[in-house]
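Visitor: Take a look at this one; I'll ask things after.
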Amino acid sequence: MTMALVKNILRHVMVETAMKKRRCHHNAAHQITKGMVCLVVVDERGSKTNYCSECAKPMLDAARNNLMAFAVGLGIVIEQARHDGARIAPASLPTSS
Ligand SMILES: [Zn+2]
C-alpha cells in the first residue's frame with residue numbers, strides 16, 4: 001500500500017540555516033550570520049536570494065494571503081497553519097553555504 005504524496009507547490013521557497021554569512025536581499029544592511037535561519041527563494045534560473053526573518057515575515061504574510069485566496073477561489077477550507085515545524089523540517093536542515 002503506497003500513500004500518494006502531496007505535491008509541494010512551493011518548491012522554490014525554503015528555510016535554510018546559513019553556514020556562512022549571507023546578505024539579506026531585501027535590505028543590504030541586514031546581516032544573516034553563520035547559524036542564522038533565513039528564507040531562501042529560488043528564481044526561474046535557479047539563482048537563490050536570501051531574506052532575513054524580519055524581511056521574510058511580510059513576504060510570508062502575503063504568500064499566506066495568496067494561498068487563502070486560492071482556497072477561497074476553489075471553494076475549499078484549508079487547515080490552520082501548524083507551528084510545530086513538522087512539515088518544514090526537511091527544508092530546515094542545514095545546507096551548504
Ligand atoms: Zn532583511
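Numbering starts fresh at 1 for the residues of each chain in the C-alpha cells, the chains themselves are lettered A, B, ... in the order given, and ligands are numbered from 1 as they appear.
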Would you list the residues that come within 7 Å of ligand 1? Count only C-alpha atoms and all ligand atoms and give the answer as a compact mmCIF listing (two decimals) with C-alpha atoms, in the first residue's frame.
Guide:
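Okay, out01.txt is ready:
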```txt
# COMPACT_ATOMS: atom_id res chain seq x y z
CA CYS A 24 19.63 39.89 3.02
CA HIS A 25 18.33 40.62 -0.46
CA HIS A 26 15.66 42.99 0.83
CA ASN A 27 17.91 45.16 2.96
CA HIS A 30 20.77 43.21 7.37
CA TYR A 51 15.97 37.08 3.27
CA CYS A 52 16.38 37.58 7.00
CA SER A 53 13.44 36.56 9.18
CA GLU A 54 12.41 40.20 9.69
CA CYS A 55 12.13 40.81 5.95
```
Visitor: Check stretch 5-96 of chain A with DSSP on the backbone and list each residue it calls strand (DSSP E or B), as a list in words.
Guide: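 Answer for stretch 5-96 of chain A, restricted to strand (DSSP E or B): Val13, Met14, Val15, Glu16, Thr17, Arg22, Arg23, Gln31, Ile32, Val37, Cys38, Leu39, Val40, Val41, Val42, Lys48, Thr49, Asn50 and Tyr51 of chain A.
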Visitor: Could you give me, as a compact mmCIF listing (two decimals) with N, CA and C atoms, in the first residue's frame, each residue of stretch 1-69 of chain A that DSSP assigns to helix (DSSP H, G or I) when run on this structure's backbone?
Guide:
```
# COMPACT_ATOMS: atom_id res chain seq x y z
N SER A 53 14.79 36.87 8.69
CA SER A 53 13.44 36.56 9.18
C SER A 53 12.57 37.81 9.27
N GLU A 54 13.18 38.95 9.59
CA GLU A 54 12.41 40.20 9.69
C GLU A 54 11.80 40.57 8.33
N CYS A 55 12.61 40.46 7.29
CA CYS A 55 12.13 40.81 5.95
C CYS A 55 11.25 39.70 5.38
N ALA A 56 11.45 38.48 5.83
CA ALA A 56 10.66 37.35 5.33
C ALA A 56 9.21 37.41 5.83
N LYS A 57 9.02 37.99 7.01
CA LYS A 57 7.68 37.97 7.62
C LYS A 57 6.60 38.57 6.71
N PRO A 58 6.77 39.82 6.21
CA PRO A 58 5.71 40.35 5.33
C PRO A 58 5.57 39.55 4.05
N MET A 59 6.67 38.94 3.58
CA MET A 59 6.59 38.12 2.38
C MET A 59 5.74 36.88 2.65
N LEU A 60 5.95 36.27 3.82
CA LEU A 60 5.18 35.07 4.17
C LEU A 60 3.72 35.43 4.45
N ASP A 61 3.50 36.59 5.06
CA ASP A 61 2.12 37.05 5.29
C ASP A 61 1.40 37.20 3.95
N ALA A 62 2.08 37.81 2.98
CA ALA A 62 1.48 38.00 1.66
C ALA A 62 1.24 36.66 0.97
N ALA A 63 2.20 35.74 1.11
CA ALA A 63 2.06 34.42 0.49
C ALA A 63 0.89 33.66 1.11
N ARG A 64 0.74 33.80 2.43
CA ARG A 64 -0.38 33.14 3.10
C ARG A 64 -1.71 33.70 2.58
N ASN A 65 -1.74 35.02 2.39
CA ASN A 65 -2.96 35.63 1.85
C ASN A 65 -3.25 35.09 0.46
N ASN A 66 -2.20 34.91 -0.34
CA ASN A 66 -2.38 34.34 -1.68
C ASN A 66 -2.94 32.92 -1.58
N LEU A 67 -2.39 32.13 -0.68
CA LEU A 67 -2.85 30.75 -0.52
C LEU A 67 -4.31 30.72 -0.08
N MET A 68 -4.64 31.64 0.85
CA MET A 68 -6.03 31.70 1.31
C MET A 68 -6.96 32.08 0.15
N ALA A 69 -6.48 33.00 -0.70
CA ALA A 69 -7.29 33.43 -1.85
C ALA A 69 -7.48 32.27 -2.83
```
Visitor: How far is it from atom CA of A:Val41 to atom CA of A:Val13, in Å with one decimal?
Guide: 4.7 Å
Visitor: So how many Å separate atom CA of A:Thr17 and atom CA of A:Cys38, to one decimal?
Guide: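 These atoms are spaced 6.3 Å apart.
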Visitor: When distances are computed from only C-alpha atoms, which of A:Ala4, A:Ile9, A:Ile78, A:Thr33 shows the smallest separation from A:Asn50?
Guide: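 Selected residue with least distance to A:Asn50: A:Thr33.
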